[in-house]
>>> print(open('entry_32.pdb').read())   # PDB, C-alpha atoms
ATOM      1  CA  MET X 189      99.730 135.468-137.539  1.00  0.00           C
ATOM      2  CA  SER X 190      99.070 134.825-141.223  1.00  0.00           C
ATOM      3  CA  GLN X 191     100.350 131.643-142.781  1.00  0.00           C
ATOM      4  CA  SER X 192     102.103 131.254-146.058  1.00  0.00           C
ATOM      5  CA  PRO X 193     100.157 128.956-148.431  1.00  0.00           C
ATOM      6  CA  LEU X 194     103.363 126.923-148.659  1.00  0.00           C
ATOM      7  CA  PHE X 195     103.048 125.932-144.990  1.00  0.00           C
ATOM      8  CA  LYS X 196      99.249 125.744-144.816  1.00  0.00           C
ATOM      9  CA  ASP X 197      99.082 122.090-143.752  1.00  0.00           C
ATOM     10  CA  ARG X 198     102.504 121.939-142.135  1.00  0.00           C
ATOM     11  CA  TYR X 199     102.321 124.713-139.530  1.00  0.00           C
ATOM     12  CA  LYS X 200     100.530 124.140-136.212  1.00  0.00           C
ATOM     13  CA  VAL X 201     100.310 126.217-133.039  1.00  0.00           C
ATOM     14  CA  LEU X 202      98.707 125.401-129.704  1.00  0.00           C
ATOM     15  CA  THR X 203      98.879 127.449-126.494  1.00  0.00           C
ATOM     16  CA  LYS X 204      97.767 126.372-123.016  1.00  0.00           C
ATOM     17  CA  GLU X 205      98.084 127.723-119.506  1.00  0.00           C
ATOM     18  CA  PHE X 206      99.903 125.653-116.883  1.00  0.00           C
ATOM     19  CA  HIS X 207      99.057 126.427-113.266  1.00  0.00           C
ATOM     20  CA  ASP X 208     101.884 125.524-110.912  1.00  0.00           C
ATOM     21  CA  LYS X 209     100.339 124.534-107.593  1.00  0.00           C
ATOM     22  CA  LEU X 210     103.665 124.752-105.747  1.00  0.00           C
ATOM     23  CA  THR X 211     104.259 128.404-106.534  1.00  0.00           C
ATOM     24  CA  ASP X 212     100.647 129.393-107.311  1.00  0.00           C
ATOM     25  CA  THR X 213     101.755 130.864-110.637  1.00  0.00           C
ATOM     26  CA  THR X 214     100.486 130.377-114.161  1.00  0.00           C
ATOM     27  CA  SER X 215     102.700 130.100-117.240  1.00  0.00           C
ATOM     28  CA  THR X 216     101.699 130.301-120.869  1.00  0.00           C
ATOM     29  CA  ILE X 217     103.194 127.380-122.769  1.00  0.00           C
ATOM     30  CA  THR X 218     103.113 127.542-126.563  1.00  0.00           C
ATOM     31  CA  CYS X 219     103.951 124.710-128.931  1.00  0.00           C
ATOM     32  CA  THR X 220     104.651 125.535-132.573  1.00  0.00           C
ATOM     33  CA  ILE X 221     105.365 122.760-135.069  1.00  0.00           C
ATOM     34  CA  LEU X 222     106.606 123.212-138.610  1.00  0.00           C
ATOM     35  CA  GLU X 223     106.847 119.953-140.539  1.00  0.00           C
ATOM     36  CA  PHE X 224     109.060 119.345-143.542  1.00  0.00           C
ATOM     37  CA  ASP X 225     109.491 116.137-145.533  1.00  0.00           C
ATOM     38  CA  ASP X 226     112.684 115.239-143.680  1.00  0.00           C
ATOM     39  CA  LYS X 227     112.372 117.019-140.296  1.00  0.00           C
ATOM     40  CA  LEU X 228     110.184 118.642-137.687  1.00  0.00           C
ATOM     41  CA  ILE X 229     110.968 121.984-136.124  1.00  0.00           C
ATOM     42  CA  ILE X 230     109.314 122.426-132.748  1.00  0.00           C
ATOM     43  CA  SER X 231     109.324 125.568-130.667  1.00  0.00           C
ATOM     44  CA  LEU X 232     108.197 125.045-127.084  1.00  0.00           C
ATOM     45  CA  SER X 233     108.169 128.292-125.135  1.00  0.00           C
ATOM     46  CA  THR X 234     107.163 129.266-121.629  1.00  0.00           C
ATOM     47  CA  ASP X 235     105.893 132.830-121.382  1.00  0.00           C
ATOM     48  CA  GLY X 236     107.450 133.484-124.799  1.00  0.00           C
ATOM     49  CA  ILE X 237     110.951 132.369-123.776  1.00  0.00           C
ATOM     50  CA  THR X 238     113.089 129.883-125.680  1.00  0.00           C
ATOM     51  CA  ASP X 239     116.793 129.571-124.983  1.00  0.00           C
ATOM     52  CA  ILE X 240     117.903 125.992-125.701  1.00  0.00           C
ATOM     53  CA  THR X 241     117.964 124.156-129.021  1.00  0.00           C
ATOM     54  CA  TYR X 242     118.342 120.399-129.376  1.00  0.00           C
ATOM     55  CA  SER X 243     118.727 118.084-132.316  1.00  0.00           C
ATOM     56  CA  LEU X 244     116.974 114.717-131.983  1.00  0.00           C
ATOM     57  CA  GLU X 245     117.913 112.237-134.681  1.00  0.00           C
ATOM     58  CA  LEU X 246     114.815 110.052-134.653  1.00  0.00           C
ATOM     59  CA  SER X 247     115.221 108.851-138.223  1.00  0.00           C
ATOM     60  CA  LYS X 248     117.995 106.494-137.089  1.00  0.00           C
ATOM     61  CA  ILE X 249     116.051 104.878-134.222  1.00  0.00           C
ATOM     62  CA  GLU X 250     113.779 101.875-134.445  1.00  0.00           C
ATOM     63  CA  GLU X 251     110.745 102.266-132.186  1.00  0.00           C
ATOM     64  CA  ARG X 252     111.192  98.744-130.783  1.00  0.00           C
ATOM     65  CA  SER X 253     114.587  99.704-129.355  1.00  0.00           C
ATOM     66  CA  LEU X 254     112.942 102.405-127.233  1.00  0.00           C
ATOM     67  CA  ILE X 255     110.979  99.916-125.137  1.00  0.00           C
ATOM     68  CA  LEU X 256     112.326  97.846-122.269  1.00  0.00           C
ATOM     69  CA  TYR X 257     110.411  95.383-120.111  1.00  0.00           C
ATOM     70  CA  ASP X 258     110.541  94.911-116.363  1.00  0.00           C
ATOM     71  CA  ASP X 259     110.279  91.580-114.508  1.00  0.00           C
ATOM     72  CA  ASP X 260     106.473  91.693-114.720  1.00  0.00           C
ATOM     73  CA  GLY X 261     106.491  92.230-118.483  1.00  0.00           C
ATOM     74  CA  GLU X 262     105.475  95.897-118.197  1.00  0.00           C
ATOM     75  CA  GLU X 263     106.826  98.231-120.873  1.00  0.00           C
ATOM     76  CA  TYR X 264     108.841 101.307-120.030  1.00  0.00           C
ATOM     77  CA  PHE X 265     110.800 103.937-121.936  1.00  0.00           C
ATOM     78  CA  ASN X 266     114.487 103.281-122.653  1.00  0.00           C
ATOM     79  CA  PRO X 267     115.943 106.815-122.614  1.00  0.00           C
ATOM     80  CA  SER X 268     119.443 105.690-123.546  1.00  0.00           C
ATOM     81  CA  LYS X 269     118.465 105.399-127.222  1.00  0.00           C
ATOM     82  CA  ILE X 270     117.453 109.056-127.646  1.00  0.00           C
ATOM     83  CA  VAL X 271     120.359 111.355-126.915  1.00  0.00           C
ATOM     84  CA  PRO X 272     119.506 115.027-127.420  1.00  0.00           C
ATOM     85  CA  ASN X 273     122.391 116.958-128.945  1.00  0.00           C
ATOM     86  CA  VAL X 274     122.585 120.524-127.667  1.00  0.00           C
ATOM     87  CA  ILE X 275     122.966 122.976-130.542  1.00  0.00           C
ATOM     88  CA  ILE X 276     122.515 126.183-128.523  1.00  0.00           C
ATOM     89  CA  GLY X 277     122.173 126.595-124.770  1.00  0.00           C
ATOM     90  CA  ASP X 278     123.062 125.037-121.444  1.00  0.00           C
ATOM     91  CA  VAL X 279     124.552 121.561-121.874  1.00  0.00           C
ATOM     92  CA  LEU X 280     124.433 120.975-118.117  1.00  0.00           C
ATOM     93  CA  ASN X 281     120.661 121.291-117.749  1.00  0.00           C
ATOM     94  CA  LEU X 282     119.791 117.625-117.214  1.00  0.00           C
ATOM     95  CA  LYS X 283     116.065 118.181-116.694  1.00  0.00           C
ATOM     96  CA  ASP X 284     115.799 119.760-120.146  1.00  0.00           C
ATOM     97  CA  GLN X 285     117.739 116.870-121.651  1.00  0.00           C
ATOM     98  CA  VAL X 286     115.371 114.372-119.998  1.00  0.00           C
ATOM     99  CA  MET X 287     112.409 116.369-121.333  1.00  0.00           C
ATOM    100  CA  ALA X 288     113.929 116.378-124.836  1.00  0.00           C
ATOM    101  CA  SER X 289     114.405 112.590-124.661  1.00  0.00           C
ATOM    102  CA  HIS X 290     110.781 112.082-123.660  1.00  0.00           C
ATOM    103  CA  ILE X 291     109.631 114.389-126.461  1.00  0.00           C
ATOM    104  CA  GLY X 292     111.723 112.344-128.886  1.00  0.00           C
ATOM    105  CA  PHE X 293     110.147 109.132-127.570  1.00  0.00           C
ATOM    106  CA  LEU X 294     106.652 110.598-128.010  1.00  0.00           C
ATOM    107  CA  LEU X 295     107.322 111.886-131.528  1.00  0.00           C
ATOM    108  CA  ASN X 296     108.947 108.625-132.603  1.00  0.00           C
ATOM    109  CA  LYS X 297     105.483 107.064-132.326  1.00  0.00           C
ATOM    110  CA  PHE X 298     104.279 109.364-135.133  1.00  0.00           C
ATOM    111  CA  VAL X 299     107.293 110.149-137.319  1.00  0.00           C
ATOM    112  CA  GLN X 300     110.792 108.910-138.039  1.00  0.00           C
ATOM    113  CA  LYS X 301     112.260 112.297-138.876  1.00  0.00           C
ATOM    114  CA  ASN X 302     114.957 114.399-137.374  1.00  0.00           C
ATOM    115  CA  VAL X 303     113.637 116.962-134.903  1.00  0.00           C
ATOM    116  CA  ILE X 304     114.966 120.404-134.058  1.00  0.00           C
ATOM    117  CA  LEU X 305     113.558 121.286-130.640  1.00  0.00           C
ATOM    118  CA  ASN X 306     113.806 124.910-129.564  1.00  0.00           C
ATOM    119  CA  THR X 307     112.685 125.105-125.950  1.00  0.00           C
ATOM    120  CA  SER X 308     112.929 126.997-122.698  1.00  0.00           C
ATOM    121  CA  GLY X 309     115.270 126.208-119.842  1.00  0.00           C
ATOM    122  CA  LYS X 310     112.807 128.005-117.566  1.00  0.00           C
ATOM    123  CA  PHE X 311     110.393 125.058-117.268  1.00  0.00           C
ATOM    124  CA  TRP X 312     112.245 123.719-114.258  1.00  0.00           C
ATOM    125  CA  PHE X 313     112.785 126.951-112.332  1.00  0.00           C
ATOM    126  CA  TYR X 314     110.512 128.052-109.516  1.00  0.00           C
ATOM    127  CA  LYS X 315     110.350 131.715-108.511  1.00  0.00           C
ATOM    128  CA  GLY X 316     113.651 132.271-110.268  1.00  0.00           C
ATOM    129  CA  LYS X 317     115.407 129.331-108.596  1.00  0.00           C
ATOM    130  CA  LYS X 318     115.998 125.796-109.707  1.00  0.00           C
ATOM    131  CA  MET X 319     114.139 123.404-107.417  1.00  0.00           C
ATOM    132  CA  ASN X 320     116.227 120.335-106.649  1.00  0.00           C
ATOM    133  CA  ASP X 321     114.200 118.739-103.858  1.00  0.00           C
ATOM    134  CA  GLU X 322     112.284 116.025-105.709  1.00  0.00           C
ATOM    135  CA  SER X 323     109.940 115.489-102.754  1.00  0.00           C
ATOM    136  CA  ILE X 324     108.313 118.870-103.293  1.00  0.00           C
ATOM    137  CA  SER X 325     108.835 119.181-107.032  1.00  0.00           C
ATOM    138  CA  ASN X 326     106.032 118.816-109.576  1.00  0.00           C
ATOM    139  CA  ASP X 327     108.358 118.065-112.479  1.00  0.00           C
ATOM    140  CA  HIS X 328     106.514 114.886-113.483  1.00  0.00           C
ATOM    141  CA  GLU X 329     103.176 116.699-113.662  1.00  0.00           C
ATOM    142  CA  LYS X 330     104.743 119.469-115.740  1.00  0.00           C
ATOM    143  CA  LEU X 331     106.463 116.968-118.075  1.00  0.00           C
ATOM    144  CA  GLN X 332     103.153 115.143-118.637  1.00  0.00           C
ATOM    145  CA  PHE X 333     101.472 118.478-119.409  1.00  0.00           C
ATOM    146  CA  ILE X 334     104.209 119.376-121.926  1.00  0.00           C
ATOM    147  CA  LEU X 335     104.045 115.970-123.638  1.00  0.00           C
ATOM    148  CA  GLY X 336     100.249 116.231-123.858  1.00  0.00           C
ATOM    149  CA  LEU X 337     100.523 119.710-125.373  1.00  0.00           C
ATOM    150  CA  ILE X 338     103.014 118.531-128.012  1.00  0.00           C
ATOM    151  CA  GLU X 339     100.896 115.507-128.909  1.00  0.00           C
ATOM    152  CA  SER X 340      97.732 117.633-129.172  1.00  0.00           C
ATOM    153  CA  CYS X 341      99.549 120.175-131.331  1.00  0.00           C
ATOM    154  CA  TYR X 342     100.977 117.501-133.616  1.00  0.00           C
ATOM    155  CA  ARG X 343      97.518 115.934-134.092  1.00  0.00           C
ATOM    156  CA  LEU X 344      95.907 119.270-135.071  1.00  0.00           C
ATOM    157  CA  LYS X 345      94.458 119.282-138.563  1.00  0.00           C
TER     158      LYS X 345
END
>>> encode(input="entry_32.pdb", output="structure tokens")
Amino acid sequence: MSQSPLFKDRYKVLTKEFHDKLTDTTSTITCTILEFDDKLIISLSTDGITDITYSLELSKIEERSLILYDDDGEEYFNPSKIVPNVIIGDVLNLKDQVMASHIGFLLNKFVQKNVILNTSGKFWFYKGKKMNDESISNDHEKLQFILGLIESCYRLK
């Protein structure tokens, strides 16, 4: 794909394969980031599919408010501060909303801009079915992979 000179330093794309050990399938996950002065537009597709769009208003959040501490003084993410607003798609898909919150938390470390996240609701389906049994789910592994992909894409020069 050729880039417009206008977006030369603002357009980034990174694609990686994710192998799901539970289903023995491989998905192609592509992250595309277009950065403007006041916002980021991120497209995160699985096998070319995107069907949910969120707005994350990071410009109004102080990074310090995203961190909580447990009894041992360990830091952890406070998801209540990042509330993804569904623009298009399934408002009842809680796993996608959790993913969007974690993406917002990650991006808030780099930028304080509003984010439009166009993503796929298919990340959390296995062989065409939603897997609800957390004991056999690999959702955490997949979320970590997605966050790593977004961070790597954002850091591309």
>>> closest_residue(input="entry_32.pdb", among="X:Asn302, X:Glu262, X:Ile270, X:Lys330", to="X:Thr214", atoms="only C-alpha atoms")
X:Lys330
>>> resolve_selection(input="entry_32.pdb", expression="the PyMOL selection byres ((chain X and resi 305-312) around 8)", output="ChimeraX atom specification")
/X:229-234,237-244,281,283-284,288,303-304,313-314,318-319,327
>>> write_last_selection(input="entry_32.pdb", atoms="C-alpha atoms", output="tab-separated table (two decimals), keeping the file's coordinate frame")
chain	number	residue	atom	x	y	z
X	229	ILE	CA	110.97	121.98	-136.12
X	230	ILE	CA	109.31	122.43	-132.75
X	231	SER	CA	109.32	125.57	-130.67
X	232	LEU	CA	108.20	125.04	-127.08
X	233	SER	CA	108.17	128.29	-125.14
X	234	THR	CA	107.16	129.27	-121.63
X	237	ILE	CA	110.95	132.37	-123.78
X	238	THR	CA	113.09	129.88	-125.68
X	239	ASP	CA	116.79	129.57	-124.98
X	240	ILE	CA	117.90	125.99	-125.70
X	241	THR	CA	117.96	124.16	-129.02
X	242	TYR	CA	118.34	120.40	-129.38
X	243	SER	CA	118.73	118.08	-132.32
X	244	LEU	CA	116.97	114.72	-131.98
X	281	ASN	CA	120.66	121.29	-117.75
X	283	LYS	CA	116.06	118.18	-116.69
X	284	ASP	CA	115.80	119.76	-120.15
X	288	ALA	CA	113.93	116.38	-124.84
X	303	VAL	CA	113.64	116.96	-134.90
X	304	ILE	CA	114.97	120.40	-134.06
X	313	PHE	CA	112.78	126.95	-112.33
X	314	TYR	CA	110.51	128.05	-109.52
X	318	LYS	CA	116.00	125.80	-109.71
X	319	MET	CA	114.14	123.40	-107.42
X	327	ASP	CA	108.36	118.06	-112.48
>>> atom_distance(input="entry_32.pdb", atom1="atom CA of X:Glu205", atom2="atom CA of X:Cys219")
11.5 Å
>>> closest_residue(input="entry_32.pdb", among="X:Lys227, X:Thr218, X:Pro272, X:Asp278", to="X:Leu202", atoms="all atoms listed in the file")
X:Thr218
>>> atom_distance(input="entry_32.pdb", atom1="atom CA of X:Val286", atom2="atom CA of X:Ile338")
15.3 Å
>>> resolve_selection(input="entry_32.pdb", expression="the PyMOL selection byres ((chain X and resi 215) around 8)", output="list in words")
Glu205, Phe206, His207, Asp208, Thr213, Thr214, Thr216, Ile217, Thr234 and Asp235 of chain X
>>> atom_distance(input="entry_32.pdb", atom1="atom CA of X:Thr220", atom2="atom CA of X:Cys341")
7.5 Å
>>> build_atoms(input="entry_32.pdb", residues="stretch 298-310 of chain X", atoms="N, CA, C and O atoms", output="PDB file, in the coordinates of the input")
ATOM      1  N   PHE X 298     104.986 108.772-134.002  1.00  0.00           N
ATOM      2  CA  PHE X 298     104.279 109.364-135.133  1.00  0.00           C
ATOM      3  C   PHE X 298     105.149 109.510-136.380  1.00  0.00           C
ATOM      4  O   PHE X 298     104.652 109.384-137.493  1.00  0.00           O
ATOM      5  N   VAL X 299     106.407 109.859-136.186  1.00  0.00           N
ATOM      6  CA  VAL X 299     107.293 110.149-137.319  1.00  0.00           C
ATOM      7  C   VAL X 299     108.688 109.599-137.064  1.00  0.00           C
ATOM      8  O   VAL X 299     109.108 109.463-135.918  1.00  0.00           O
ATOM      9  N   GLN X 300     109.385 109.284-138.128  1.00  0.00           N
ATOM     10  CA  GLN X 300     110.792 108.910-138.039  1.00  0.00           C
ATOM     11  C   GLN X 300     111.587 109.962-138.811  1.00  0.00           C
ATOM     12  O   GLN X 300     112.164 109.693-139.847  1.00  0.00           O
ATOM     13  N   LYS X 301     111.562 111.164-138.274  1.00  0.00           N
ATOM     14  CA  LYS X 301     112.260 112.297-138.876  1.00  0.00           C
ATOM     15  C   LYS X 301     113.174 112.907-137.832  1.00  0.00           C
ATOM     16  O   LYS X 301     112.974 112.731-136.630  1.00  0.00           O
ATOM     17  N   ASN X 302     114.136 113.633-138.299  1.00  0.00           N
ATOM     18  CA  ASN X 302     114.957 114.399-137.374  1.00  0.00           C
ATOM     19  C   ASN X 302     114.135 115.559-136.832  1.00  0.00           C
ATOM     20  O   ASN X 302     113.291 116.117-137.534  1.00  0.00           O
ATOM     21  N   VAL X 303     114.398 115.915-135.579  1.00  0.00           N
ATOM     22  CA  VAL X 303     113.637 116.962-134.903  1.00  0.00           C
ATOM     23  C   VAL X 303     114.607 118.018-134.399  1.00  0.00           C
ATOM     24  O   VAL X 303     115.624 117.695-133.782  1.00  0.00           O
ATOM     25  N   ILE X 304     114.279 119.271-134.667  1.00  0.00           N
ATOM     26  CA  ILE X 304     114.966 120.404-134.058  1.00  0.00           C
ATOM     27  C   ILE X 304     113.993 120.928-133.011  1.00  0.00           C
ATOM     28  O   ILE X 304     112.879 121.337-133.339  1.00  0.00           O
ATOM     29  N   LEU X 305     114.406 120.861-131.756  1.00  0.00           N
ATOM     30  CA  LEU X 305     113.558 121.286-130.640  1.00  0.00           C
ATOM     31  C   LEU X 305     114.148 122.543-130.028  1.00  0.00           C
ATOM     32  O   LEU X 305     115.248 122.528-129.478  1.00  0.00           O
ATOM     33  N   ASN X 306     113.419 123.640-130.163  1.00  0.00           N
ATOM     34  CA  ASN X 306     113.806 124.910-129.564  1.00  0.00           C
ATOM     35  C   ASN X 306     112.904 125.092-128.344  1.00  0.00           C
ATOM     36  O   ASN X 306     111.688 125.161-128.480  1.00  0.00           O
ATOM     37  N   THR X 307     113.501 125.116-127.164  1.00  0.00           N
ATOM     38  CA  THR X 307     112.685 125.105-125.950  1.00  0.00           C
ATOM     39  C   THR X 307     113.218 126.084-124.908  1.00  0.00           C
ATOM     40  O   THR X 307     114.186 126.798-125.151  1.00  0.00           O
ATOM     41  N   SER X 308     112.573 126.081-123.771  1.00  0.00           N
ATOM     42  CA  SER X 308     112.929 126.997-122.698  1.00  0.00           C
ATOM     43  C   SER X 308     113.569 126.243-121.542  1.00  0.00           C
ATOM     44  O   SER X 308     113.060 125.218-121.102  1.00  0.00           O
ATOM     45  N   GLY X 309     114.651 126.759-121.041  1.00  0.00           N
ATOM     46  CA  GLY X 309     115.270 126.208-119.842  1.00  0.00           C
ATOM     47  C   GLY X 309     114.572 126.667-118.581  1.00  0.00           C
ATOM     48  O   GLY X 309     114.964 126.296-117.472  1.00  0.00           O
ATOM     49  N   LYS X 310     113.516 127.449-118.724  1.00  0.00           N
ATOM     50  CA  LYS X 310     112.807 128.005-117.566  1.00  0.00           C
ATOM     51  C   LYS X 310     111.689 127.092-117.061  1.00  0.00           C
ATOM     52  O   LYS X 310     111.046 127.406-116.076  1.00  0.00           O
TER      53      LYS X 310
END
